[in-house]
Amino acid sequence: MSSYTLDYLDQLESEAIHIFREVAGQFERPALLFSGGKDSIVLVHLALKAFRPGKFPFPLVHIDTGHNFEEALDFRDYLADKIGEKLIVRHVEDTIKAKGLTEQKGKLPSRNGLQTYTLLDTIEEFEFDACIGGARRDEEKARAKERIFSVRDEFGSWDPKLQRPELWNTYNGKINKGENVRVFPISNWTELDIWNYIRREKIELPSIYFAHEREVLEFEGRLVATNEFVQLHDDDVITRKVVRYRTVGDMTCTAAVESSASTLDDIINEIIATNTSERGQTRIDDRVSEAAMEDRKKNGYF
Amino acid sequence: MDILRFLTAGSVDDGKSTLIGRLLYDSKSIMVDQLEAIERSTKNREEGQVDLALLTDGLRAEREQGITIDVAYKYFSTPKRKFIIADTPGHIQYTRNMVTGASNSDLAIILIDARHGVVEQTRRHSIIVSLLNLPHVVVAINKMDLVKYSQDVYNDIVIDYAQVAKSLGLKNVSYIPISALNGDNIVEKAQTMPWYEGESLLGLLETVEVHEDINLTEGRFPVQYVIRPQTDELHDYRGYAGKIISGIYRKGDKVVVQPSGVESTISAVEIGGEEVEEAFAPQSAVLHLKDDVDISRGDMIVKQDAPVQVAQEFEVVLCWMSNTPLVPRNKYLLQINSRTVRCVVKELEYKLNVNTLEKELSPVSAGLNDVVKATIKTASPIAFDAYRKLRANGGAVLIDETSNVTVGACMISTEATEKPFWPEI
C-alpha cells in the first residue's frame, strides 16, 4: 500500500483543484483575478488542471492600476492568449477620472487604495458572485485568519469577527444578492511551496522574477525601480544593480531584491536562505502600521 | 515529504501561543522583519523577553486584549514534513472554533500546565478531540520549568490523563514534558529532563504516521462539477470532476451512483487532464463512466464493493455554532461534501456537557457552543458513512437559509460505530 502516498505538493494541488471545482459548482458568475504575478499564474495552472479539456467556467479579470510592470502586463496578455481564455481588464485610471478620485501624494504614490474602487465597480458591472484570488495565509497575520471562502458585503468589506466556520472540506458559498465571496485556493501554500511547484510543473513566469540589470532608487533600505510615477529628488541615490522581484505588485509599492538568481534553482536556494519575509522585504505598503493589511481588507481590498 | 495538519488546544495561560511561536521560531520560520515587529510590540507593553505569542495573534483586537478570538493558520516546514497549524482559542466560549480547527486536523496537541495538571479545560478539549475523532493526540505537559522539571509531577499527570483518554477512547496518545518558554523538548531533547526518554515534540510531529489514516478501501467520489467541452472534436466528452475522499478508482471498476442507485463501470480515470491507470484518495480526478447515466453535482460515485449508507433520516452529534438557538423542528440546509439538501432537525435527544460528559435529556433548545445528539431528516436521500468509520464522508454542516450562515457541524453517527468509544451516547 505504500505506493498510495501523495507528496505535499500533490496534496496542495488536489486541495486547490477541489476548491476551484467548488466555485464552479456553487456560483453562477465567478471570476479569476489575474495579475500576471506568480501566485495568479499558479492559479491559472491549477485551473487548467481542474477544468481541461473544458473551458474555464470564469473569465480572467485584471484590475490594472496603471502602475504595473510592463513585463507582468505582457505576460498576462501572452498567457491569456496561449490558453485561449477570456481576459477582462479594467483600469484604475478610468475610475479615477470617472469618479474624481484623489491620487495619493508623496515620493511613492500608491494606487493600492484606489484599486479597491475599480475592483468593486468591476464586480458590480459583471455581477460577479465569486472572485478567486491568489492570497496565501502565510503572507501576513490578518490573512492567516481568513477563510478559504471569505464572504464580503456589497462594500467588499471583510468582517473578521463574523466569519463563517469552515469545517472539513465543506465550503459554504451561499450569499445574498449584492454580496460576493472571495475564494483563495492556495491559502495553505507558502512562498516556498509556490516556487517548488513552479519548478516541478515547469510553469513559465515573467522575466522580472529572474535576475536582470535595472536602474533603481535606494529608498529606506529598499530598491525601487525608477519610473515615471516615482517622484525623484536631486539628492536621491540612483544606481544600476542586478536585481530580481520576489513579488510583483505596483511599481510604486514593490521593491526589488539584489540578486543574481537566474534560474528557479537559484531562486529557491535564496528563499530557503533568506531571513526576511516575502512582504517584509518587498512590499512598501505593509509597513504603514501593524494592522495595515487588516485595515485594507476590511475596506474591500483582497 | 508529506503534510501534517495539527491543532493546538489550550489557552494563553497554558502557553499555547508561546508553544506555537517557539515551534515557528526554532524551525526558523520566523523572519527577521517579523521578529522586529514583535519586538516593537513587546516594547509597547511590558519589559522582558520577546513575546512569541504575538506571532499568532493576527487581529488588532486580539493584540490589544491579549486573546485569540478565531482560528489562525500557521505554516512551517522541516526537511521531513510540511506542517499546518490550526491555532484555536481554548476557552469554553470558543468551542466552535476548536471544533472547526479540529475538523481538518490529523493530530491534536493538548497542553497541560504542569502546575495545575488535568483540569476542566483539559477534559473539554479531549472530549472535542474525541468527538471529531482525531487519529492522534499529543499531551504536552508544559511549564515543567515551574515544577523544577519534576519527573513525579509529570508521571502523576500522565496517570491522570490516561484515565481521561481511556474513557473517551482516544487513540495514539503520546506524552511529552516541555517548557515552551525555554524551548525544552520542543526541537531538541532537553538537558533539564534527562529522565524523559521519548522524542522531542518536533521529532514526534515529524514521524507520526498519518498516511494510514487515509481510507483506501471504500471508494467515495462526490461529484462537484461535470466537464462537458461540447466542441466538435470532444463532442461526447462527459467527465465527472471531483475529489476522491476515500478509496482507489481504476478503469473497469464497478460503481454505483448514489443516491439514485444506478450501476455502471468506470471507463477512464483522468488527473490534471491526462488519463491515468488509477487514482486514489485524496486526489482530485475526473471519472468517465461506460453508460450514459444522469449524474450531476451532489451525486456520489461509490465503489460497488464498498456500499455506502443512503438514507433520509439519521442521528448526528451536532455542535451548534450560532447565537440564534437551535430549536427542534427548525429547517436548514445540510451540506455534505458536494451535496446540499433541505433538512429538519427533529427531536434533540440530549445535550452533552463538554466539561463532564453528563447528559441533559430532551433539552428544549441548543445554544452557541452546545453539543447535542439529534435526529435529522432530509428532503431527499444523502449518501454517507458514520463519521467514526469514515471522517471524510460523515461530517456535514447546517446552513441557515435565511442568513446563509453556517450554524452547525454534524458528525453522523450510527450505533454500531459509536458504541466502543461513546458507551452512553
# chains A, B, ... in the order shown; residues from 1 in each chain; ligands from 1

$ select_by_dssp --residues "region 4-206 of chain A" --states "alpha helix (DSSP H)" --output "PyMOL selection string"
chain A and resi 8-26+38-51+70-83+92-99+112-126+191-201

$ closest_atom_pairs --of "chain B" --to "chain A" --cutoff "6 Å" --atoms "only C-alpha atoms" --output "JSON lines"
{"residue": "B:Met1", "atom": "CA", "partner": "A:Asp7", "partner_atom": "CA", "distance": 5.8}
{"residue": "B:Asp2", "atom": "CA", "partner": "A:Tyr8", "partner_atom": "CA", "distance": 4.4}
{"residue": "B:Ile3", "atom": "CA", "partner": "A:Tyr8", "partner_atom": "CA", "distance": 5.6}
{"residue": "B:Met31", "atom": "CA", "partner": "A:Thr276", "partner_atom": "CA", "distance": 4.8}
{"residue": "B:Val32", "atom": "CA", "partner": "A:Thr276", "partner_atom": "CA", "distance": 5.4}
{"residue": "B:Asp33", "atom": "CA", "partner": "A:Thr276", "partner_atom": "CA", "distance": 5.8}
{"residue": "B:Gly58", "atom": "CA", "partner": "A:Lys141", "partner_atom": "CA", "distance": 4.5}
{"residue": "B:Leu59", "atom": "CA", "partner": "A:Ala142", "partner_atom": "CA", "distance": 5.9}
{"residue": "B:Ala72", "atom": "CA", "partner": "A:Lys145", "partner_atom": "CA", "distance": 4.5}
{"residue": "B:Tyr73", "atom": "CA", "partner": "A:Ala144", "partner_atom": "CA", "distance": 5.2}
{"residue": "B:Thr100", "atom": "CA", "partner": "A:Leu167", "partner_atom": "CA", "distance": 5.2}
{"residue": "B:Ser103", "atom": "CA", "partner": "A:Trp168", "partner_atom": "CA", "distance": 5.1}
{"residue": "B:Asn104", "atom": "CA", "partner": "A:Trp168", "partner_atom": "CA", "distance": 5.2}
{"residue": "B:Gln224", "atom": "CA", "partner": "A:Gly25", "partner_atom": "CA", "distance": 6.0}
{"residue": "B:Tyr225", "atom": "CA", "partner": "A:Gly25", "partner_atom": "CA", "distance": 5.4}
{"residue": "B:Ile227", "atom": "CA", "partner": "A:Gly54", "partner_atom": "CA", "distance": 5.9}
{"residue": "B:Pro229", "atom": "CA", "partner": "A:Gly54", "partner_atom": "CA", "distance": 4.4}
{"residue": "B:Gly272", "atom": "CA", "partner": "A:Lys49", "partner_atom": "CA", "distance": 4.0}
{"residue": "B:Gly273", "atom": "CA", "partner": "A:Arg52", "partner_atom": "CA", "distance": 5.5}
{"residue": "B:Gln283", "atom": "CA", "partner": "A:Ser14", "partner_atom": "CA", "distance": 5.5}
{"residue": "B:Ser284", "atom": "CA", "partner": "A:Ser14", "partner_atom": "CA", "distance": 5.0}
{"residue": "B:Asn337", "atom": "CA", "partner": "A:Thr170", "partner_atom": "CA", "distance": 5.7}
{"residue": "B:Asn404", "atom": "CA", "partner": "A:Lys174", "partner_atom": "CA", "distance": 5.4}
{"residue": "B:Thr406", "atom": "CA", "partner": "A:Arg164", "partner_atom": "CA", "distance": 5.8}

$ residues_around --residues "Val255 (chain B)" --least-positions-apart "6" --cutoff "10 Å" --atoms "only C-alpha atoms" --output "list of chain:residue names"
B:Gly219, B:Arg220, B:Tyr249, B:Gly261, B:Val262, B:Glu263, B:Ser264, B:Thr265, B:Ile266, B:Leu289, B:Met300, B:Ile301, B:Val302, B:Lys303, B:Gln304, B:Asp305, B:Ala306, B:Pro307

$ residues_around --residues "Ile208 (chain A)" --least-positions-apart "5" --cutoff "8 Å" --atoms "only C-alpha atoms" --output "list in words"
Glu71, Ala72, Arg244 and Tyr245 of chain A

$ atom_distance --atom1 "CA of Ala86 (chain B)" --atom2 "CA of Gly101 (chain B)"
5.4 Å

$ residues_around --residues "Tyr196 (chain B)" --least-positions-apart "5" --cutoff "12 Å" --atoms "only C-alpha atoms" --output "list in words"
Met144, Tyr149, Ser150, Gln151, Asp152, Tyr154, Asn155, Tyr175, Ile176, Pro177, Ile178, Asp184, Asn185, Lys189, Ala190 and Gln191 of chain B

$ closest_residue --among "A:Arg222, A:Arg29, A:Lys38, A:Arg199" --to "Leu264 (chain A)" --atoms "only C-alpha atoms"
A:Arg199

$ atom_distance --atom1 "CA of Leu205 (chain A)" --atom2 "CA of Pro185 (chain A)"
19.5 Å
